[in-house]
Amino acid sequence: MSSERKVRVRFAPSPTGGLHLGGVRTALFNYLYARKHQGDFILRVEDTDQTRFVAGAEEYINECLAWCGLVPDESPIKGGAFGPYRQSERKPSYRQFAEQLIENGRAYYAFDTAEELDEQRKEQPNFRYSHENRLKLRNSLSLSKEDTQVLLSKGTPHTIRIKVPTDETVSFTDMIRGQVSFETNLIDDKVLLKADGMPTYHLAVVVDDKAMEISHVFRGEEWLPSAPVHILLWEYLGWNEQMPQWAHLPLILKPDGNGKLSKRDGDRLGFPVYAMNWKDAQAEKETIGFREMGFLPEAFVNMLGVLGWNDGTEQELFSLQELIEKFSVERISKAGAKFDFEKAKWFNHEWIKKTSNEALLPQIREVLTSHQVTNVADDYIVQVLGAVKERLTFVSDFWEQASFFFVRPENYDLGAVKPKWSAEKTTFFNHVNLEFGKFDSWDAVALESFFKGAIQESGMKMGELMMPFRIMLVGGKFGPDVFQIVSLLGKEEVVARVNKALIAFTAE
Ligand code: GLU
């Protein structure tokens, strides 16, 4: 392969349901490699298995890539010079290659019906359609030329299978794993063309990678066992020179490291596995996604970028742009990467802190609207956000942390106040509230020094009065600095809250 070859990579999902985070990581690594090398990032929808067609799945993939900022240069909706980008629309192009393989003795027609094959499987639990028994089955290798012709001319349903060679080794250099070898005796004669004329994944992926001039294939490790079949096809079709370089990405493992992370693990352990909500039409059940759970796309992408890759330093926070700059295949690990939801949340928390208050405003507004708070100025929201941002893991936490900035508390943590309440404290708060009313400029520093001075004069202790004051404003023992709250709430609101709370604190 010439070193000048233009980098062209593809993300090739099958539109069969929600997109697993491992799928998005595959898209991301393809994208990073393309951007790093001024190449093209292509979305190809692998929809040849019509029995698995799921309405809405392709739109979901588009939306998901857009949300993550991984916008393809060529795709079914965007088009491009190498289309169509939906495999089902390429159907007519595949048969000729399957036929070419038959002519060259590299593939054969198989007439076995599904029932006949089921029968075989019943008789031999380890049945494989392969070199050991292909001559005992109904195909153009076991039948005479004439019989085969008769069956074909009668339109007998058939598949086309690859004839995997006996006693050979298929070797290739994987960009991540180095030299990888497979014994052909252990490989089945995979179906290339199905009875409905559709190619299987194996044929389609090779034909399309060739047609789309794909230079590098980054895909999940689960496809490694298929690689030798693909490599044989590249060779048998005479395309060796154009074969892409392979890179099989490490698996994403369950949190305990025991096996591949599946959707069921998410359900079981209570975290999302899909990028966005996915509603299964049959099951009528919606599965929560990272987006809807409240993850920022920057955090989601950052978290995926370091699942199986690092830049060799301790750095963990990377923007998409930084990932592009720093990405290197050499630093992708061979070992599976454990998924850690607590860590994912940490990324989100960090990204909320990194994102400007103004940029978060639309999402914060959504949170407020969902709690019927609509009539507030942007500027106020931005300031409140600044005060509580450090405490947010998800944007939706904003309500729990900051609702008291928008609605006067209804209930108070009376247990923390009443047992130690005294007439002296009532007098104190009546006094400071009166003084608050006289303040001309509502300034946090001035208010704080006035309040602390008043405590000193009263002879009571700081904590005895600060804590009830906080509860008057907030309802509970939480929230940012009391005087930051005081200054944001404004004079009238503070005075009203103190009065309201005094009634509750002193009630019998
Ligand atoms: N269609 C395969 C999938 O669903 C693509 C595998 C590949 O990239 O070759 O992941």
# chains A, B, ... in the order shown; residues from 1 in each chain; ligands from 1

call {"tool": "residues_near_ligand", "arguments": {"ligand": "ligand 1", "cutoff": "8 Å", "atoms": "only C-alpha atoms and all ligand atoms", "output": "list in words"}}
result
Arg10, Phe11, Ala12, Pro13, Ser14, Pro15, Gly23, Val45, Glu46, Asp47, Tyr201, Val205, Val217, Phe218, Arg219, Gly220 and Trp223 of chain A

call {"tool": "write_last_selection", "arguments": {"atoms": "N, CA, C and O atoms", "output": "tab-separated table (two decimals), in the first residue's frame"}}
result
chain	number	residue	atom	x	y	z
A	10	ARG	N	-14.37	4.36	7.87
A	10	ARG	CA	-15.84	4.30	7.92
A	10	ARG	C	-16.30	3.78	9.26
A	10	ARG	O	-15.67	2.96	9.91
A	11	PHE	N	-17.46	4.30	9.67
A	11	PHE	CA	-18.19	3.73	10.80
A	11	PHE	C	-19.35	3.01	10.13
A	11	PHE	O	-20.07	3.62	9.33
A	12	ALA	N	-19.49	1.72	10.44
A	12	ALA	CA	-20.43	0.90	9.66
A	12	ALA	C	-21.43	0.17	10.54
A	12	ALA	O	-21.44	-1.05	10.59
A	13	PRO	N	-22.27	0.89	11.22
A	13	PRO	CA	-23.20	0.21	12.13
A	13	PRO	C	-24.36	-0.46	11.40
A	13	PRO	O	-24.72	-0.04	10.30
A	14	SER	N	-24.90	-1.48	12.04
A	14	SER	CA	-26.15	-2.06	11.55
A	14	SER	C	-27.28	-1.37	12.30
A	14	SER	O	-27.23	-1.28	13.53
A	15	PRO	N	-28.26	-0.88	11.58
A	15	PRO	CA	-29.33	-0.12	12.26
A	15	PRO	C	-30.34	-1.04	12.92
A	15	PRO	O	-31.44	-1.23	12.42
A	23	GLY	N	-20.14	1.20	20.36
A	23	GLY	CA	-20.32	1.61	18.96
A	23	GLY	C	-19.91	3.05	18.78
A	23	GLY	O	-19.24	3.40	17.80
A	45	VAL	N	-24.31	2.60	6.37
A	45	VAL	CA	-25.34	1.88	7.13
A	45	VAL	C	-25.43	0.46	6.60
A	45	VAL	O	-25.73	0.23	5.43
A	46	GLU	N	-25.15	-0.51	7.47
A	46	GLU	CA	-25.09	-1.91	7.05
A	46	GLU	C	-26.42	-2.59	7.35
A	46	GLU	O	-26.62	-3.19	8.40
A	47	ASP	N	-27.32	-2.45	6.38
A	47	ASP	CA	-28.70	-2.88	6.60
A	47	ASP	C	-29.11	-4.04	5.70
A	47	ASP	O	-30.24	-4.10	5.25
A	201	TYR	N	-23.01	-9.84	5.63
A	201	TYR	CA	-22.06	-8.85	6.12
A	201	TYR	C	-20.67	-9.07	5.52
A	201	TYR	O	-20.01	-8.12	5.08
A	205	VAL	N	-19.11	-6.11	3.34
A	205	VAL	CA	-18.11	-5.25	3.98
A	205	VAL	C	-16.86	-5.15	3.10
A	205	VAL	O	-16.25	-4.09	2.98
A	217	VAL	N	-9.48	0.26	8.78
A	217	VAL	CA	-10.73	-0.19	9.41
A	217	VAL	C	-10.51	-0.25	10.92
A	217	VAL	O	-9.70	-1.04	11.40
A	218	PHE	N	-11.18	0.62	11.64
A	218	PHE	CA	-11.18	0.55	13.10
A	218	PHE	C	-12.52	-0.04	13.48
A	218	PHE	O	-13.57	0.55	13.19
A	219	ARG	N	-12.51	-1.18	14.11
A	219	ARG	CA	-13.77	-1.79	14.54
A	219	ARG	C	-13.53	-2.57	15.81
A	219	ARG	O	-12.39	-2.83	16.19
A	220	GLY	N	-14.61	-2.99	16.43
A	220	GLY	CA	-14.51	-3.67	17.71
A	220	GLY	C	-13.85	-5.04	17.60
A	220	GLY	O	-13.90	-5.68	16.54
A	223	TRP	N	-15.11	-8.34	16.02
A	223	TRP	CA	-15.03	-8.65	14.58
A	223	TRP	C	-13.73	-9.33	14.20
A	223	TRP	O	-13.55	-9.71	13.04

call {"tool": "residues_around", "arguments": {"residues": "Gly479 (chain A)", "least_positions_apart": "3", "cutoff": "12 Å", "atoms": "only C-alpha atoms", "output": "PyMOL selection string"}}
result
chain A and resi 384-385+387-392+398-405+467+470-471+473-476+482-486

call {"tool": "write_last_selection", "arguments": {"atoms": "N, CA and C atoms", "output": "CSV table (one decimal), in the first residue's frame"}}
result
chain,number,residue,atom,x,y,z
A,384,VAL,N,-26.8,32.4,39.5
A,384,VAL,CA,-27.1,31.3,40.4
A,384,VAL,C,-26.3,30.0,40.0
A,385,LEU,N,-26.3,29.8,38.7
A,385,LEU,CA,-25.5,28.7,38.2
A,385,LEU,C,-24.0,28.8,38.7
A,387,ALA,N,-23.0,30.0,41.3
A,387,ALA,CA,-22.9,29.8,42.7
A,387,ALA,C,-23.0,28.3,43.0
A,388,VAL,N,-23.7,27.5,42.2
A,388,VAL,CA,-23.9,26.1,42.6
A,388,VAL,C,-23.2,25.1,41.6
A,389,LYS,N,-22.6,25.6,40.6
A,389,LYS,CA,-22.0,24.7,39.6
A,389,LYS,C,-21.1,23.6,40.1
A,390,GLU,N,-20.3,24.0,41.1
A,390,GLU,CA,-19.3,23.0,41.6
A,390,GLU,C,-20.0,21.7,42.2
A,391,ARG,N,-21.3,21.9,42.4
A,391,ARG,CA,-22.1,20.8,43.1
A,391,ARG,C,-22.8,19.9,42.1
A,392,LEU,N,-22.7,20.2,40.8
A,392,LEU,CA,-23.6,19.5,39.9
A,392,LEU,C,-22.8,18.3,39.2
A,398,PHE,N,-29.3,20.7,39.1
A,398,PHE,CA,-29.5,22.1,39.3
A,398,PHE,C,-30.7,22.4,40.2
A,399,TRP,N,-31.8,21.7,39.9
A,399,TRP,CA,-33.0,21.9,40.7
A,399,TRP,C,-32.8,21.6,42.2
A,400,GLU,N,-32.3,20.4,42.4
A,400,GLU,CA,-32.0,20.0,43.8
A,400,GLU,C,-31.1,21.0,44.5
A,401,GLN,N,-30.1,21.5,43.8
A,401,GLN,CA,-29.1,22.4,44.4
A,401,GLN,C,-29.6,23.8,44.5
A,402,ALA,N,-30.5,24.2,43.6
A,402,ALA,CA,-30.7,25.7,43.5
A,402,ALA,C,-32.2,26.1,43.5
A,403,SER,N,-33.1,25.1,43.7
A,403,SER,CA,-34.5,25.5,43.6
A,403,SER,C,-34.9,26.7,44.5
A,404,PHE,N,-34.2,26.8,45.7
A,404,PHE,CA,-34.6,27.8,46.6
A,404,PHE,C,-34.2,29.2,46.1
A,405,PHE,N,-33.4,29.3,45.0
A,405,PHE,CA,-33.2,30.6,44.5
A,405,PHE,C,-34.4,31.1,43.7
A,467,MET,N,-26.6,29.2,61.1
A,467,MET,CA,-27.3,28.0,60.6
A,467,MET,C,-28.8,28.2,60.5
A,470,ARG,N,-29.4,30.4,57.4
A,470,ARG,CA,-29.3,29.6,56.2
A,470,ARG,C,-30.7,28.9,56.0
A,471,ILE,N,-31.1,28.2,57.1
A,471,ILE,CA,-32.4,27.4,56.9
A,471,ILE,C,-33.6,28.4,56.6
A,473,LEU,N,-33.4,30.9,54.6
A,473,LEU,CA,-33.3,31.2,53.2
A,473,LEU,C,-33.5,30.0,52.3
A,474,VAL,N,-33.0,28.9,52.8
A,474,VAL,CA,-32.8,27.7,51.9
A,474,VAL,C,-33.9,26.7,52.2
A,475,GLY,N,-34.2,26.6,53.5
A,475,GLY,CA,-35.1,25.5,53.9
A,475,GLY,C,-34.3,24.4,54.6
A,476,GLY,N,-33.0,24.2,54.2
A,476,GLY,CA,-32.2,23.1,54.8
A,476,GLY,C,-30.8,23.6,55.0
A,482,VAL,N,-23.7,31.6,52.6
A,482,VAL,CA,-25.0,32.3,52.9
A,482,VAL,C,-25.1,33.7,52.3
A,483,PHE,N,-24.0,34.5,52.4
A,483,PHE,CA,-24.1,35.8,51.9
A,483,PHE,C,-24.2,36.0,50.4
A,484,GLN,N,-23.7,34.9,49.7
A,484,GLN,CA,-23.8,34.9,48.3
A,484,GLN,C,-25.3,34.7,48.0
A,485,ILE,N,-26.0,33.8,48.8
A,485,ILE,CA,-27.4,33.6,48.7
A,485,ILE,C,-28.2,34.9,48.9
A,486,VAL,N,-27.8,35.5,50.1
A,486,VAL,CA,-28.4,36.7,50.5
A,486,VAL,C,-28.4,37.8,49.3

call {"tool": "residues_around", "arguments": {"residues": "region 168-183 of chain A", "least_positions_apart": "5", "cutoff": "8 Å", "atoms": "only C-alpha atoms", "output": "MDAnalysis selection string"}}
result
chainID A and resid 228 231:232 245:249 329:330 332:334

call {"tool": "residues_around", "arguments": {"residues": "Gln120 (chain A)", "least_positions_apart": "3", "cutoff": "12 Å", "atoms": "only C-alpha atoms", "output": "ChimeraX atom specification"}}
result
/A:112-117,123-129,133-134,136-138

call {"tool": "select_by_dssp", "arguments": {"residues": "region 45-272 of chain A", "states": "alpha helix (DSSP H)", "output": "PyMOL selection string"}}
result
chain A and resi 57-68+95-103+114-123+145-153+201-211+227-236+263-269

call {"tool": "closest_residue", "arguments": {"among": "A:Phe478, A:Phe318, A:Trp239, A:Phe339", "to": "Lys260 (chain A)", "atoms": "only C-alpha atoms"}}
result
A:Phe339

call {"tool": "closest_residue", "arguments": {"among": "A:Leu434, A:Leu489, A:Gly289, A:Leu320", "to": "Ile381 (chain A)", "atoms": "only C-alpha atoms"}}
result
A:Leu489

call {"tool": "residues_around", "arguments": {"residues": "Asp189 (chain A)", "least_positions_apart": "3", "cutoff": "8 Å", "atoms": "only C-alpha atoms", "output": "PyMOL selection string"}}
result
chain A and resi 129-131+161-164

call {"tool": "write_last_selection", "arguments": {"atoms": "N, CA, C and O atoms", "output": "short mmCIF file (atom, residue, chain, number, x, y, z; two decimals), in the first residue's frame"}}
result
data_model
loop_
_atom_site.label_atom_id
_atom_site.label_comp_id
_atom_site.auth_asym_id
_atom_site.auth_seq_id
_atom_site.Cartn_x
_atom_site.Cartn_y
_atom_site.Cartn_z
N TYR A 129 -20.54 -25.83 8.63
CA TYR A 129 -20.48 -25.96 7.17
C TYR A 129 -19.06 -25.60 6.79
O TYR A 129 -18.71 -24.43 6.71
N SER A 130 -18.23 -26.64 6.60
CA SER A 130 -16.82 -26.34 6.37
C SER A 130 -16.16 -27.46 5.57
O SER A 130 -16.82 -28.39 5.12
N HIS A 131 -14.85 -27.37 5.45
CA HIS A 131 -14.11 -28.30 4.60
C HIS A 131 -14.35 -29.76 4.97
O HIS A 131 -14.32 -30.63 4.13
N ARG A 161 -21.54 -19.67 -0.92
CA ARG A 161 -20.64 -19.73 0.24
C ARG A 161 -19.19 -19.64 -0.20
O ARG A 161 -18.83 -20.12 -1.29
N ILE A 162 -18.37 -19.09 0.63
CA ILE A 162 -16.92 -19.06 0.37
C ILE A 162 -16.36 -20.46 0.60
O ILE A 162 -16.80 -21.16 1.51
N LYS A 163 -15.41 -20.84 -0.25
CA LYS A 163 -14.74 -22.13 -0.04
C LYS A 163 -13.43 -21.84 0.68
O LYS A 163 -12.43 -21.45 0.06
N VAL A 164 -13.47 -22.00 1.97
CA VAL A 164 -12.28 -21.68 2.78
C VAL A 164 -11.24 -22.77 2.54
O VAL A 164 -11.57 -23.96 2.57
#

call {"tool": "closest_residue", "arguments": {"among": "A:Pro419, A:Gly437, A:Pro199, A:Gly69", "to": "Tyr94 (chain A)", "atoms": "only C-alpha atoms"}}
result
A:Pro199

call {"tool": "residues_around", "arguments": {"residues": "Met243 (chain A)", "least_positions_apart": "4", "cutoff": "10 Å", "atoms": "only C-alpha atoms", "output": "number ranges by chain"}}
result
A: 1, 206, 209-210, 213-217, 230-231, 234-235, 238-239

call {"tool": "select_by_dssp", "arguments": {"residues": "region 100-161 of chain A", "states": "strand (DSSP E)", "output": "list in words"}}
result
Ala107, Tyr108, Tyr109, Ala110, Thr159, Ile160 and Arg161 of chain A

call {"tool": "closest_residue", "arguments": {"among": "A:Asp147, A:Asp267, A:Asp73, A:Asp188", "to": "Phe111 (chain A)", "atoms": "only C-alpha atoms"}}
result
A:Asp147

call {"tool": "decode", "arguments": {"residues": "region 112-153 of chain A", "atoms": "C-alpha atoms", "output": "mmCIF file, in the first residue's frame"}}
result
data_model
loop_
_atom_site.group_PDB
_atom_site.id
_atom_site.type_symbol
_atom_site.label_atom_id
_atom_site.label_comp_id
_atom_site.auth_asym_id
_atom_site.auth_seq_id
_atom_site.Cartn_x
_atom_site.Cartn_y
_atom_site.Cartn_z
ATOM 1 C CA ASP A 112 -29.399 -26.838 1.413
ATOM 2 C CA THR A 113 -32.652 -25.594 2.852
ATOM 3 C CA ALA A 114 -32.877 -24.111 6.322
ATOM 4 C CA GLU A 115 -34.681 -27.313 7.433
ATOM 5 C CA GLU A 116 -31.938 -29.537 6.080
ATOM 6 C CA LEU A 117 -29.322 -27.542 7.917
ATOM 7 C CA ASP A 118 -31.364 -27.667 11.113
ATOM 8 C CA GLU A 119 -31.505 -31.430 10.694
ATOM 9 C CA GLN A 120 -27.712 -31.551 10.443
ATOM 10 C CA ARG A 121 -27.373 -29.449 13.561
ATOM 11 C CA LYS A 122 -29.642 -31.780 15.449
ATOM 12 C CA GLU A 123 -27.606 -34.799 14.409
ATOM 13 C CA GLN A 124 -24.239 -33.192 15.103
ATOM 14 C CA PRO A 125 -24.313 -30.551 17.823
ATOM 15 C CA ASN A 126 -20.987 -29.143 16.618
ATOM 16 C CA PHE A 127 -22.050 -29.039 12.987
ATOM 17 C CA ARG A 128 -20.149 -26.548 10.875
ATOM 18 C CA TYR A 129 -20.484 -25.957 7.167
ATOM 19 C CA SER A 130 -16.820 -26.340 6.370
ATOM 20 C CA HIS A 131 -14.113 -28.301 4.596
ATOM 21 C CA GLU A 132 -14.814 -31.411 6.675
ATOM 22 C CA ASN A 133 -18.325 -31.960 5.481
ATOM 23 C CA ARG A 134 -19.057 -29.672 2.567
ATOM 24 C CA LEU A 135 -18.932 -32.636 0.177
ATOM 25 C CA LYS A 136 -21.649 -34.385 2.158
ATOM 26 C CA LEU A 137 -24.036 -31.444 1.714
ATOM 27 C CA ARG A 138 -26.092 -30.227 -1.245
ATOM 28 C CA ASN A 139 -23.946 -27.788 -3.146
ATOM 29 C CA SER A 140 -22.177 -27.242 -6.428
ATOM 30 C CA LEU A 141 -19.068 -28.978 -5.101
ATOM 31 C CA SER A 142 -20.884 -32.183 -4.198
ATOM 32 C CA LEU A 143 -23.331 -32.188 -7.133
ATOM 33 C CA SER A 144 -22.408 -32.663 -10.771
ATOM 34 C CA LYS A 145 -22.149 -29.642 -13.032
ATOM 35 C CA GLU A 146 -25.330 -30.708 -14.813
ATOM 36 C CA ASP A 147 -27.353 -31.182 -11.630
ATOM 37 C CA THR A 148 -26.213 -27.792 -10.429
ATOM 38 C CA GLN A 149 -27.271 -26.212 -13.736
ATOM 39 C CA VAL A 150 -30.690 -27.843 -13.542
ATOM 40 C CA LEU A 151 -31.242 -26.579 -10.012
ATOM 41 C CA LEU A 152 -30.123 -23.088 -10.955
ATOM 42 C CA SER A 153 -32.244 -22.925 -14.094
#
